[in-house]
Amino acid sequence: MSGSRVLALGHHQPAGVLTNDDLATMVDTSDEWIRTRVGIRTRHVAAPDETVDAMAAAAAAKALAQSGLAASDIDLVMVATCTAVDRSPNTAARVAERLGLPSPATMDVNVVCAGFTHALASADHAVRAGAAGNALVVGAEKFTAVTDWTDRSTCVLVGDGAGAAVVGAAAEPGIGPVLWGSVPEMGRAVRIDGIPSRFSQEGQSVYRWATTQLPPIARRVCERAGIGPEELAAVVLHQANLRIIEPFARKLGAVNAVIARDVVESGNTSAASIPLALSKMVERGEVESGAPVLLFGFGGNLSYAGQVIRCP
């Protein structure tokens, strides 16, 4: 085999939903204020006993069922998360146990909001190198657990959930070359630190970086895949803010693409946002099988990673 491809997708969101009007009873904000600044209307909130690995496993189980593979066919599990509480066993091992996978390699990836695209690239590399036959790649976050609910600049943004992909070997590559990097000197513009851990960010710095510096990088991702932005069938950016997503897509030149806007109903789910949005788009039939889709994650550490995949 000369490449890998995404075989199937799955997603999971908690039953609890928090609306903008709900938030207006908690902090000094309003539905209009939130929609105008970030485009979010609702977000899903996990129950106190609903863990990151439980959400990850729910999404992964759906992807595995869609793939037609057996649990024994999976020999690598990668979970992108920055909000898991427990360090060992790691989240990937907990997911493997929940799914009854017999003996996979298990590893967590913490690149915050760009975590899923980093993990997907790593799984692609492992399959192409022959180190894995089939991989489960999951993005899962309980971002509401690291949120200061008295800070209206951040609490209006976040949501919980998980998205997953099954990656397997393919004669024709269905996952394009990754382009990844970071801006270490600006890394503290997005933080989850302290005890207890709390999310904070320099919103204007992140906005300017994302809307001015990242579209040219996304065009280079397309160049590496041998495709023009106008040929993309869909663009799935990290679902941070509608005011970042829409100008980013315009500057990229993806004039014929369906643009993922899951942030409106799900909020910012960090590493979960890209697979969550993509899984929903495929479930709704918005993207045809085999069509080229740009995935582009960015955020914490001021890291980024993108690749063009063929839709399962």
# chains A, B, ... in the order shown; residues from 1 in each chain; ligands from 1
>>> closest_atom_pairs(of="region 158-241 of chain A", to="region 288-308 of chain A", cutoff="7 Å", atoms="only C-alpha atoms", output="tab-separated table")
residue	atom	partner	partner_atom	distance
A:Ile175	CA	A:Val308	CA	6.2
A:Gly176	CA	A:Val308	CA	5.1
A:Pro177	CA	A:Gln307	CA	6.0
A:Val178	CA	A:Gln307	CA	4.8
A:Leu179	CA	A:Gly306	CA	5.5
A:Trp180	CA	A:Ala305	CA	4.1
A:Gly181	CA	A:Tyr304	CA	5.6
A:Ser182	CA	A:Ser303	CA	4.0
A:Val183	CA	A:Leu302	CA	5.4
A:Pro184	CA	A:Asn301	CA	6.5
A:Met186	CA	A:Leu302	CA	6.4
A:Gly187	CA	A:Asn301	CA	4.0
A:Arg188	CA	A:Asn301	CA	6.6
A:Val190	CA	A:Gly300	CA	5.1
A:Arg191	CA	A:Gly300	CA	6.9
A:Ala218	CA	A:Gly306	CA	6.9
A:Val221	CA	A:Gln307	CA	5.9
A:Cys222	CA	A:Val308	CA	6.6
A:Ala225	CA	A:Val308	CA	6.3
A:Leu232	CA	A:Pro292	CA	5.4
A:Ala233	CA	A:Pro292	CA	5.6
A:Ala234	CA	A:Val293	CA	4.8
A:Val235	CA	A:Leu294	CA	4.8
A:Val236	CA	A:Leu295	CA	5.0
A:Leu237	CA	A:Phe296	CA	4.8
A:His238	CA	A:Gly297	CA	4.9
>>> residues_around(residues="Asn90 (chain A)", least_positions_apart="3", cutoff="10 Å", atoms="only C-alpha atoms", output="number ranges by chain")
A: 53, 79, 84-87, 93-95, 106-108
>>> write_last_selection(atoms="C-alpha atoms", output="mmCIF file, in the first residue's frame")
data_model
loop_
_atom_site.group_PDB
_atom_site.id
_atom_site.type_symbol
_atom_site.label_atom_id
_atom_site.label_comp_id
_atom_site.auth_asym_id
_atom_site.auth_seq_id
_atom_site.Cartn_x
_atom_site.Cartn_y
_atom_site.Cartn_z
ATOM 1 C CA ASP A 53 -12.898 9.029 27.494
ATOM 2 C CA VAL A 79 -6.880 10.584 21.156
ATOM 3 C CA ALA A 84 -8.664 14.851 30.205
ATOM 4 C CA VAL A 85 -8.297 14.819 33.985
ATOM 5 C CA ASP A 86 -6.513 11.511 34.464
ATOM 6 C CA ARG A 87 -2.954 10.982 33.226
ATOM 7 C CA ALA A 93 -6.024 3.317 26.649
ATOM 8 C CA ARG A 94 -9.345 3.969 28.373
ATOM 9 C CA VAL A 95 -11.069 4.165 24.980
ATOM 10 C CA THR A 106 -2.453 3.831 22.610
ATOM 11 C CA MET A 107 -1.356 7.430 22.836
ATOM 12 C CA ASP A 108 -2.793 10.845 23.639
#
>>> atom_distance(atom1="CA of Gly139 (chain A)", atom2="CA of Leu99 (chain A)")
16.0 Å
>>> residues_around(residues="Asn134 (chain A)", least_positions_apart="3", cutoff="7 Å", atoms="only C-alpha atoms", output="JSON, numbers by chain")
{"A": [73, 74, 75, 76, 127, 167, 168, 169]}
>>> write_last_selection(atoms="all heavy atoms", output="short mmCIF file (atom, residue, chain, number, x, y, z; two decimals), in the first residue's frame")
data_model
loop_
_atom_site.label_atom_id
_atom_site.label_comp_id
_atom_site.auth_asym_id
_atom_site.auth_seq_id
_atom_site.Cartn_x
_atom_site.Cartn_y
_atom_site.Cartn_z
N ASP A 73 -9.23 -5.51 14.47
CA ASP A 73 -8.53 -4.94 13.32
C ASP A 73 -7.81 -3.64 13.66
O ASP A 73 -6.98 -3.17 12.88
CB ASP A 73 -9.51 -4.66 12.17
CG ASP A 73 -10.11 -5.92 11.59
OD1 ASP A 73 -9.38 -6.92 11.48
OD2 ASP A 73 -11.31 -5.92 11.25
N ILE A 74 -8.13 -3.04 14.79
CA ILE A 74 -7.54 -1.75 15.18
C ILE A 74 -6.27 -2.00 15.98
O ILE A 74 -6.30 -2.65 17.02
CB ILE A 74 -8.53 -0.91 16.02
CG1 ILE A 74 -9.82 -0.65 15.23
CG2 ILE A 74 -7.88 0.40 16.44
CD1 ILE A 74 -9.66 0.14 13.96
N ASP A 75 -5.14 -1.48 15.48
CA ASP A 75 -3.89 -1.67 16.23
C ASP A 75 -3.23 -0.37 16.65
O ASP A 75 -2.12 -0.36 17.17
CB ASP A 75 -2.90 -2.54 15.44
CG ASP A 75 -2.75 -2.13 13.99
OD1 ASP A 75 -3.11 -0.99 13.66
OD2 ASP A 75 -2.27 -2.95 13.20
N LEU A 76 -3.94 0.75 16.49
CA LEU A 76 -3.45 2.04 16.97
C LEU A 76 -4.64 2.91 17.35
O LEU A 76 -5.59 3.03 16.58
CB LEU A 76 -2.63 2.75 15.89
CG LEU A 76 -2.19 4.19 16.17
CD1 LEU A 76 -1.27 4.27 17.40
CD2 LEU A 76 -1.51 4.80 14.95
N VAL A 127 0.45 4.34 9.36
CA VAL A 127 -0.10 3.35 8.42
C VAL A 127 0.79 3.25 7.19
O VAL A 127 1.11 2.15 6.72
CB VAL A 127 -1.55 3.71 8.04
CG1 VAL A 127 -2.06 2.81 6.91
CG2 VAL A 127 -2.47 3.58 9.26
N VAL A 167 -8.89 5.16 10.23
CA VAL A 167 -7.92 5.33 9.15
C VAL A 167 -7.35 3.96 8.79
O VAL A 167 -6.95 3.19 9.68
CB VAL A 167 -6.78 6.28 9.57
CG1 VAL A 167 -5.69 6.35 8.50
CG2 VAL A 167 -7.34 7.67 9.87
N GLY A 168 -7.32 3.65 7.49
CA GLY A 168 -6.77 2.38 7.04
C GLY A 168 -5.93 2.54 5.81
O GLY A 168 -5.92 3.59 5.15
N ALA A 169 -5.19 1.50 5.45
CA ALA A 169 -4.31 1.52 4.29
C ALA A 169 -5.12 1.62 3.00
O ALA A 169 -6.25 1.15 2.91
CB ALA A 169 -3.44 0.27 4.27
#
>>> atom_distance(atom1="CA of His11 (chain A)", atom2="CA of Leu276 (chain A)")
5.4 Å
>>> select_by_dssp(residues="region 29-261 of chain A", states="alpha helix (DSSP H)", output="NGL selection string")
:A and (31-38 or 52-67 or 91-99 or 115-129 or 152-155 or 203-212 or 214-225 or 242-252)
>>> write_last_selection(atoms="C-alpha atoms", output="PDB file, in the first residue's frame")
ATOM      1  CA  ASP A  31     -27.925  36.339  22.774  1.00  0.00           C
ATOM      2  CA  GLU A  32     -27.296  39.287  20.434  1.00  0.00           C
ATOM      3  CA  TRP A  33     -23.872  40.052  22.000  1.00  0.00           C
ATOM      4  CA  ILE A  34     -22.699  36.458  21.592  1.00  0.00           C
ATOM      5  CA  ARG A  35     -24.066  35.907  18.090  1.00  0.00           C
ATOM      6  CA  THR A  36     -22.593  39.198  16.865  1.00  0.00           C
ATOM      7  CA  ARG A  37     -19.103  38.497  18.200  1.00  0.00           C
ATOM      8  CA  VAL A  38     -18.652  34.744  17.738  1.00  0.00           C
ATOM      9  CA  VAL A  52     -13.617  12.714  28.118  1.00  0.00           C
ATOM     10  CA  ASP A  53     -12.898   9.029  27.494  1.00  0.00           C
ATOM     11  CA  ALA A  54     -16.606   8.166  27.643  1.00  0.00           C
ATOM     12  CA  MET A  55     -17.392  10.727  24.931  1.00  0.00           C
ATOM     13  CA  ALA A  56     -14.351   9.640  22.912  1.00  0.00           C
ATOM     14  CA  ALA A  57     -15.389   5.996  23.088  1.00  0.00           C
ATOM     15  CA  ALA A  58     -18.965   6.804  22.017  1.00  0.00           C
ATOM     16  CA  ALA A  59     -17.744   8.632  18.909  1.00  0.00           C
ATOM     17  CA  ALA A  60     -15.121   5.971  18.169  1.00  0.00           C
ATOM     18  CA  ALA A  61     -17.665   3.152  18.468  1.00  0.00           C
ATOM     19  CA  LYS A  62     -19.831   4.816  15.821  1.00  0.00           C
ATOM     20  CA  ALA A  63     -16.869   5.289  13.473  1.00  0.00           C
ATOM     21  CA  LEU A  64     -15.766   1.685  13.977  1.00  0.00           C
ATOM     22  CA  ALA A  65     -19.281   0.394  13.249  1.00  0.00           C
ATOM     23  CA  GLN A  66     -19.443   2.507  10.085  1.00  0.00           C
ATOM     24  CA  SER A  67     -16.058   1.193   8.908  1.00  0.00           C
ATOM     25  CA  THR A  91      -7.425   8.532  27.415  1.00  0.00           C
ATOM     26  CA  ALA A  92      -6.554   6.357  24.410  1.00  0.00           C
ATOM     27  CA  ALA A  93      -6.024   3.317  26.649  1.00  0.00           C
ATOM     28  CA  ARG A  94      -9.345   3.969  28.373  1.00  0.00           C
ATOM     29  CA  VAL A  95     -11.069   4.165  24.980  1.00  0.00           C
ATOM     30  CA  ALA A  96      -9.430   0.903  23.900  1.00  0.00           C
ATOM     31  CA  GLU A  97     -10.689  -0.780  27.071  1.00  0.00           C
ATOM     32  CA  ARG A  98     -14.218   0.543  26.594  1.00  0.00           C
ATOM     33  CA  LEU A  99     -14.288  -0.749  22.997  1.00  0.00           C
ATOM     34  CA  GLY A 115      -4.849  18.195  18.090  1.00  0.00           C
ATOM     35  CA  PHE A 116      -7.041  16.184  15.735  1.00  0.00           C
ATOM     36  CA  THR A 117      -5.233  17.209  12.549  1.00  0.00           C
ATOM     37  CA  HIS A 118      -1.884  16.480  14.230  1.00  0.00           C
ATOM     38  CA  ALA A 119      -3.153  13.054  15.328  1.00  0.00           C
ATOM     39  CA  LEU A 120      -4.621  12.297  11.903  1.00  0.00           C
ATOM     40  CA  ALA A 121      -1.289  13.103  10.247  1.00  0.00           C
ATOM     41  CA  SER A 122       0.548  10.896  12.738  1.00  0.00           C
ATOM     42  CA  ALA A 123      -1.849   8.005  12.109  1.00  0.00           C
ATOM     43  CA  ASP A 124      -1.419   8.463   8.352  1.00  0.00           C
ATOM     44  CA  HIS A 125       2.351   8.312   8.787  1.00  0.00           C
ATOM     45  CA  ALA A 126       2.088   5.166  10.941  1.00  0.00           C
ATOM     46  CA  VAL A 127      -0.098   3.349   8.422  1.00  0.00           C
ATOM     47  CA  ARG A 128       2.045   4.359   5.452  1.00  0.00           C
ATOM     48  CA  ALA A 129       5.188   3.248   7.296  1.00  0.00           C
ATOM     49  CA  ARG A 152     -18.037  36.280  29.809  1.00  0.00           C
ATOM     50  CA  SER A 153     -15.152  36.571  27.329  1.00  0.00           C
ATOM     51  CA  THR A 154     -14.505  32.810  27.489  1.00  0.00           C
ATOM     52  CA  CYS A 155     -17.556  31.048  28.947  1.00  0.00           C
ATOM     53  CA  GLY A 203      -8.824  36.963  21.849  1.00  0.00           C
ATOM     54  CA  GLN A 204      -7.760  39.818  19.563  1.00  0.00           C
ATOM     55  CA  SER A 205      -4.242  38.411  19.108  1.00  0.00           C
ATOM     56  CA  VAL A 206      -5.640  35.008  18.166  1.00  0.00           C
ATOM     57  CA  TYR A 207      -8.184  36.579  15.809  1.00  0.00           C
ATOM     58  CA  ARG A 208      -5.573  38.643  13.964  1.00  0.00           C
ATOM     59  CA  TRP A 209      -3.198  35.674  13.669  1.00  0.00           C
ATOM     60  CA  ALA A 210      -5.888  33.300  12.417  1.00  0.00           C
ATOM     61  CA  THR A 211      -7.389  35.658   9.835  1.00  0.00           C
ATOM     62  CA  THR A 212      -4.145  37.119   8.443  1.00  0.00           C
ATOM     63  CA  LEU A 214      -3.196  31.224   8.349  1.00  0.00           C
ATOM     64  CA  PRO A 215      -5.008  31.505   4.962  1.00  0.00           C
ATOM     65  CA  PRO A 216      -1.681  31.523   3.023  1.00  0.00           C
ATOM     66  CA  ILE A 217      -0.621  28.430   4.976  1.00  0.00           C
ATOM     67  CA  ALA A 218      -3.900  26.725   4.084  1.00  0.00           C
ATOM     68  CA  ARG A 219      -3.239  27.480   0.409  1.00  0.00           C
ATOM     69  CA  ARG A 220       0.132  25.756   0.772  1.00  0.00           C
ATOM     70  CA  VAL A 221      -1.686  22.721   2.208  1.00  0.00           C
ATOM     71  CA  CYS A 222      -3.741  22.582  -0.979  1.00  0.00           C
ATOM     72  CA  GLU A 223      -0.595  22.943  -3.108  1.00  0.00           C
ATOM     73  CA  ARG A 224       0.995  19.991  -1.312  1.00  0.00           C
ATOM     74  CA  ALA A 225      -2.096  17.949  -2.111  1.00  0.00           C
ATOM     75  CA  LEU A 242     -17.704  32.268  12.952  1.00  0.00           C
ATOM     76  CA  ARG A 243     -15.914  35.619  12.507  1.00  0.00           C
ATOM     77  CA  ILE A 244     -12.687  33.671  11.917  1.00  0.00           C
ATOM     78  CA  ILE A 245     -14.158  30.859   9.799  1.00  0.00           C
ATOM     79  CA  GLU A 246     -15.936  32.970   7.180  1.00  0.00           C
ATOM     80  CA  PRO A 247     -13.120  35.447   6.318  1.00  0.00           C
ATOM     81  CA  PHE A 248     -10.589  32.608   6.405  1.00  0.00           C
ATOM     82  CA  ALA A 249     -12.596  30.699   3.764  1.00  0.00           C
ATOM     83  CA  ARG A 250     -12.948  33.821   1.593  1.00  0.00           C
ATOM     84  CA  LYS A 251      -9.213  34.563   1.714  1.00  0.00           C
ATOM     85  CA  LEU A 252      -8.416  30.946   0.920  1.00  0.00           C
TER      86      LEU A 252
END
